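Student: Submitted below is the structure of interest, expressed as structure tokens.
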Amino acid sequence: MRSQKTDVAAKEINWSILRQLMPYLFEFRSRILLALLCLIGAKLASVGLPFILKHLVDDLESGTDAGQLMILPLGLLLAYGVVRFSNVLFGELRDTLFGRVTERAMRRVGLRVFEHLHALDLEFHLNRRTGGLSRDIERGTNGISFLLRFMVFNIVPTFLEIGLVIVLLGINYTPWFAVIVFVAVASYVGFSVMATEWRTRFVREANEAESRTSTRAVDSLLNFETVKYFGNEGFEASHYDGELASWEGARRRNRLSLFVLNGGQAFIIAGAMTSAMVLAAQQVVVGAMTIGDFVLINAFMMQIFMPLNFLGFVYREMKGSMANIEAMFSLLDQVPAIRDNTDAKTLAVRAGEIRFEQVQFAYDPERPILRGLSFTVRPRQKLAIVGSSGAGKSTIFKLLFRFYDVGSGRILIDGQDIRDVSQASLRDAIGVVPQDTVLFNMSIGDNIRYGRVDASDEDVAQAVQMAHLDTFIGSLPKGLDTLVGERGLKLSGGEKQRVAIARTILKRPPILVFDEATSSLDSRSERSILQAIREIASDHTSLVIAHRLSTIVDADDIIVLDNGRLVEQGTHAQLLMQGGKYASLWAMQQAEAKEKG
């Protein structure tokens, strides 16, 4: 963990991400142009204010004629009010116009990251940190808002205004005022950059600690039942407190470094302001400047250093935003291991034949899972796969669904290599009832409709009936509108399994895969679900991965796996007559059933 934190802290900001943001801004070119015009108008008004104030003070000081005293200052006062209002108005118009640009960019980037995450392979999602991932996306999109708004409309305009002020002071007054402003701004910017670079690692450490804390909390709460099973609340709290302690330490270092930065910036500003005012006062004393000039210098210094002081905050936050955007964009750099070929075709399922030809596969090169596996699922037939744990049964399903690609050999559907067709068309043709059913935190009806989101209420009701869920749903006060809770925790294992079956029934694909589909059901429910499976599978090609052999006695063909190899194949009766591994598994399960009975 320590090395990870060091790497994160040491990593430099990738400024090229600014270039990656540009395409998202071009959607509103006219808005950006209008916002820039408003920006220029606001800055011209801002620079003009001190000159109006100077003439107003000088006229008030030197005015002796009563008529002149009543007319000229009134005009200047009105001009002062108009210019100040224009400054605020142009600024508000600028922010309003650019707000749409920022929000649309956040929307486009957020959607792109979300779609990309769904396009990544199963291996990435098995290793992901869900809580940390969501925090990276949230901080990244918020960082885009801050970066676009403040860098475009605060940093650049502030330096534009400083440049104008330096030129005007150098032309109208002694060059020493321009020198003071230039040296102060250069010192301020230089110190801010160096100090911010120094403390960036503390910001990164705090963000990383926050992500780890969030990840730990989400992981623990998602596994609430497991924590309760083993009475490990204290253990979880201890680990969470450890992550919080790390976060606390990172935040403390961040806060102390911020104190150093703010203190140095305040010292530079105070020194520049004092120097300029001392010089202005001396010029007034010797008659080289008027009181109005003194007020103008004071107004300019205040006008420069107030946004410059804010610029320090903007730069610090911009650095943090850049780090957050970089972390989010790094997700886009993740390349899916499973990708469609450039000329991928749409899978055309005619008969629904599935064929594995000399398939070899390993998650780890040193631990092969499938070793030259070959078998055929005939059209509209039911093939069952059995074998001991670790034999490779579930791996077959993952390869068929193309969560992984085969190491060698090939998988064909109606003669089409699944690597040559689009993943979308392949997965559209396969319906799955997984062993571990995970439901969305929505209603039962919405979870069932997820199988075909445009299904009618009649189709959903038919799927409910075929999955033998109608009695259960009828007993619920809210029926199909009953919420299932996060990951379906409010339903029993059997109820979740039947929701998954109803969802697959609603999809009605030509190929069905049942991965231990009745593993969570009691005997009575199992019989009714098996009958439903027979009904929906009668006109489909079906692949059944089974542990309980009693659930697949009606299979048209059964293959027995052992250590990734096909060791037996035939019908239930044929395999019993062979007296091999299948017969041994059958005898063992029958004996267990008698003991329980």
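Scheme for the structure tokens: letters A, B, ... for chains in order shown; per-chain residue numbers from 1; ligand numbers from 1 in order shown.
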Please return as a PyMOL selection string: the residues of range 372-495 of chain A that backbone DSSP assigns to alpha helix (DSSP H).

Tutor: chain A and resi 393-400+423-428+444-449+457-466+470-474+493-495

Student: Please report the interatomic distance between CA of Phe224 in chain A and CA of Glu236 in chain A in Å with one decimal.

Tutor: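 Straight-line distance from CA of Phe224 in chain A to CA of Glu236 in chain A works out to 10.3 Å.
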
Student: Return as CSV the residues of range 154-229 of chain A lying at most 7 Å from range 239-247 of chain A, together with the closest atom-to-atom pair for each and the distance in Å to one decimal, counting only C-alpha atoms, with rows in chain order and ascending residue number.

Tutor:
residue,atom,partner,partner_atom,distance
A:Ala206,CA,A:Trp247,CA,5.9
A:Ala209,CA,A:Trp247,CA,4.8
A:Glu210,CA,A:Trp247,CA,6.0
A:Arg212,CA,A:Glu243,CA,6.8
A:Thr213,CA,A:Glu243,CA,5.3
A:Arg216,CA,A:Tyr240,CA,6.5
A:Ala217,CA,A:Tyr240,CA,6.9

Student: Name the residues in contact with range 426-441 of chain A at a cut-off of 7 Å, using only C-alpha atoms, excluding same-chain residues fewer than 4 positions from it; report them as an MDAnalysis selection string.

Tutor: chainID A and resid 347 401 421:422 447 483:488 496:497 500:501 504 507 509:517 519

Student: Please, could you write that set of residues out with C-alpha atoms as a PDB file, in the first residue's frame?

Tutor:
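Output saved as again37.pdb:
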ATOM      1  CA  LEU A 347     -24.678 -13.393 -35.710  1.00  0.00           C
ATOM      2  CA  PHE A 401     -20.824 -15.578 -23.894  1.00  0.00           C
ATOM      3  CA  VAL A 421     -19.435 -11.698 -35.011  1.00  0.00           C
ATOM      4  CA  SER A 422     -20.326  -8.659 -32.923  1.00  0.00           C
ATOM      5  CA  ASN A 447     -36.019  -6.450 -12.784  1.00  0.00           C
ATOM      6  CA  LEU A 483     -38.646  -3.201  -4.229  1.00  0.00           C
ATOM      7  CA  VAL A 484     -36.062  -5.986  -4.023  1.00  0.00           C
ATOM      8  CA  GLY A 485     -33.348  -4.015  -2.187  1.00  0.00           C
ATOM      9  CA  GLU A 486     -29.703  -3.643  -3.141  1.00  0.00           C
ATOM     10  CA  ARG A 487     -28.522  -6.753  -5.012  1.00  0.00           C
ATOM     11  CA  GLY A 488     -31.946  -8.288  -4.294  1.00  0.00           C
ATOM     12  CA  LYS A 496     -34.262 -14.298  -6.866  1.00  0.00           C
ATOM     13  CA  GLN A 497     -33.640 -17.384  -8.997  1.00  0.00           C
ATOM     14  CA  ALA A 500     -33.891 -14.402 -13.105  1.00  0.00           C
ATOM     15  CA  ILE A 501     -35.748 -17.188 -14.926  1.00  0.00           C
ATOM     16  CA  THR A 504     -34.737 -14.794 -19.350  1.00  0.00           C
ATOM     17  CA  LYS A 507     -35.969 -12.160 -23.483  1.00  0.00           C
ATOM     18  CA  PRO A 509     -33.473 -15.880 -27.103  1.00  0.00           C
ATOM     19  CA  PRO A 510     -32.799 -18.850 -29.427  1.00  0.00           C
ATOM     20  CA  ILE A 511     -30.053 -20.201 -27.102  1.00  0.00           C
ATOM     21  CA  LEU A 512     -30.519 -20.714 -23.377  1.00  0.00           C
ATOM     22  CA  VAL A 513     -27.848 -21.270 -20.733  1.00  0.00           C
ATOM     23  CA  PHE A 514     -28.733 -22.406 -17.208  1.00  0.00           C
ATOM     24  CA  ASP A 515     -25.804 -22.202 -14.801  1.00  0.00           C
ATOM     25  CA  GLU A 516     -26.917 -24.157 -11.714  1.00  0.00           C
ATOM     26  CA  ALA A 517     -30.311 -22.501 -12.242  1.00  0.00           C
ATOM     27  CA  SER A 519     -29.239 -24.466  -6.964  1.00  0.00           C
TER      28      SER A 519
END

Student: When you draw a straight line from CA of Asn262 in chain A to CA of Ile304 in chain A, how long is it in Å?

Tutor: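 That distance, rounded to one decimal, is 17.1 Å.
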
Student: Between A:Val295, A:Met194, A:Leu412, A:Ala186, which is the closest to Ser257 in chain A once you count only C-alpha atoms?

Tutor: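 Ranked by minimum distance to Ser257 in chain A, first place goes to A:Met194.
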
Student: Restricting the calculation to only C-alpha atoms: of A:Asp454, A:Asp333, A:Ile533, A:Ile40, which residue gets closest to Ile17 in chain A?

Tutor: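 Selected residue with least distance to Ile17 in chain A: A:Asp333.
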
Student: Any idea what the distance is between CA of Ala327 in chain A and CA of Ile32 in chain A?

Tutor: 26.7 Å

Student: Taking the chain letters and numbering used in this document, name the residues of range 322-360 of chain A that DSSP puts in strand (DSSP E or B), as a ChimeraX atom specification.

Tutor: /A:345,354-360

Student: Which residues of range 291-349 of chain A sit at most 9 Å from range 138-146 of chain A, using only C-alpha atoms? Give each one's shortest atom pair and distance in Å (one decimal place), in chain and ascending residue order, as JSON lines.

Tutor:
{"residue": "A:Val314", "atom": "CA", "partner": "A:Phe146", "partner_atom": "CA", "distance": 8.7}
{"residue": "A:Glu317", "atom": "CA", "partner": "A:Phe146", "partner_atom": "CA", "distance": 8.0}
{"residue": "A:Met318", "atom": "CA", "partner": "A:Phe146", "partner_atom": "CA", "distance": 7.1}
{"residue": "A:Gly320", "atom": "CA", "partner": "A:Gly143", "partner_atom": "CA", "distance": 7.8}
{"residue": "A:Ser321", "atom": "CA", "partner": "A:Gly143", "partner_atom": "CA", "distance": 4.3}
{"residue": "A:Met322", "atom": "CA", "partner": "A:Gly143", "partner_atom": "CA", "distance": 6.9}
{"residue": "A:Ala323", "atom": "CA", "partner": "A:Gly140", "partner_atom": "CA", "distance": 8.3}
{"residue": "A:Asn324", "atom": "CA", "partner": "A:Gly140", "partner_atom": "CA", "distance": 4.7}
{"residue": "A:Ile325", "atom": "CA", "partner": "A:Gly140", "partner_atom": "CA", "distance": 4.3}
{"residue": "A:Glu326", "atom": "CA", "partner": "A:Gly140", "partner_atom": "CA", "distance": 7.5}
{"residue": "A:Ala327", "atom": "CA", "partner": "A:Gly140", "partner_atom": "CA", "distance": 7.1}
{"residue": "A:Met328", "atom": "CA", "partner": "A:Gly140", "partner_atom": "CA", "distance": 5.3}
{"residue": "A:Phe329", "atom": "CA", "partner": "A:Gly140", "partner_atom": "CA", "distance": 8.0}

Student: Those same residues - N, CA and C atoms - I'd like them written as a compact mmCIF listing (two decimals), in the first residue's frame.

Tutor:
# COMPACT_ATOMS: atom_id res chain seq x y z
N VAL A 314 -7.53 29.31 -7.25
CA VAL A 314 -7.92 28.69 -8.52
C VAL A 314 -6.83 27.74 -9.01
N GLU A 317 -6.80 24.58 -6.89
CA GLU A 317 -7.93 23.72 -7.21
C GLU A 317 -7.83 23.16 -8.62
N MET A 318 -7.25 23.95 -9.53
CA MET A 318 -7.08 23.48 -10.89
C MET A 318 -6.13 22.28 -10.93
N GLY A 320 -5.72 20.16 -8.50
CA GLY A 320 -6.49 19.02 -8.01
C GLY A 320 -7.48 18.51 -9.05
N SER A 321 -8.12 19.46 -9.76
CA SER A 321 -9.07 19.06 -10.80
C SER A 321 -8.38 18.32 -11.92
N MET A 322 -7.19 18.77 -12.29
CA MET A 322 -6.44 18.09 -13.35
C MET A 322 -6.11 16.66 -12.93
N ALA A 323 -5.75 16.49 -11.65
CA ALA A 323 -5.45 15.14 -11.17
C ALA A 323 -6.70 14.27 -11.21
N ASN A 324 -7.84 14.86 -10.85
CA ASN A 324 -9.09 14.08 -10.86
C ASN A 324 -9.53 13.73 -12.27
N ILE A 325 -9.40 14.70 -13.20
CA ILE A 325 -9.75 14.43 -14.59
C ILE A 325 -8.82 13.39 -15.18
N GLU A 326 -7.54 13.48 -14.81
CA GLU A 326 -6.56 12.50 -15.30
C GLU A 326 -6.93 11.10 -14.84
N ALA A 327 -7.35 10.98 -13.57
CA ALA A 327 -7.75 9.67 -13.05
C ALA A 327 -8.96 9.13 -13.80
N MET A 328 -9.92 10.02 -14.12
CA MET A 328 -11.10 9.58 -14.86
C MET A 328 -10.75 9.21 -16.29
N PHE A 329 -9.92 10.04 -16.94
CA PHE A 329 -9.54 9.75 -18.31
C PHE A 329 -8.67 8.50 -18.41

Student: Counting only C-alpha atoms, which of A:Thr174, A:Thr342, A:Ser211, A:Asn232 gets nearest to Ala276 in chain A?

Tutor: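 For Ala276 in chain A, the nearest of the candidates is A:Thr174.
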
Student: Can you check which parts of range 283-361 of chain A lie within 10 Å of range 167-172 of chain A? Per residue, the shortest pair of atoms and distance in Å to one decimal, counting only C-alpha atoms, sorted by chain and number, as JSON lines.

Tutor:
{"residue": "A:Asp293", "atom": "CA", "partner": "A:Asn172", "partner_atom": "CA", "distance": 9.8}
{"residue": "A:Leu296", "atom": "CA", "partner": "A:Leu169", "partner_atom": "CA", "distance": 9.9}
{"residue": "A:Ile297", "atom": "CA", "partner": "A:Leu169", "partner_atom": "CA", "distance": 8.4}
{"residue": "A:Phe300", "atom": "CA", "partner": "A:Leu169", "partner_atom": "CA", "distance": 9.2}

Student: Just checking: using only C-alpha atoms, which residue out of A:Phe90, A:Trp198, A:Tyr315, A:Tyr582 ends up closest to Lys43 in chain A?

Tutor: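 Using only C-alpha atoms, the shortest distance to Lys43 in chain A belongs to A:Phe90.
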
Student: Which residue is closest to Ser374 in chain A? Choose from A:Leu566, A:Leu258, A:Val553, A:Leu148 and count only C-alpha atoms.

Tutor: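 The shortest atom-to-atom distance to Ser374 in chain A comes from A:Leu566.
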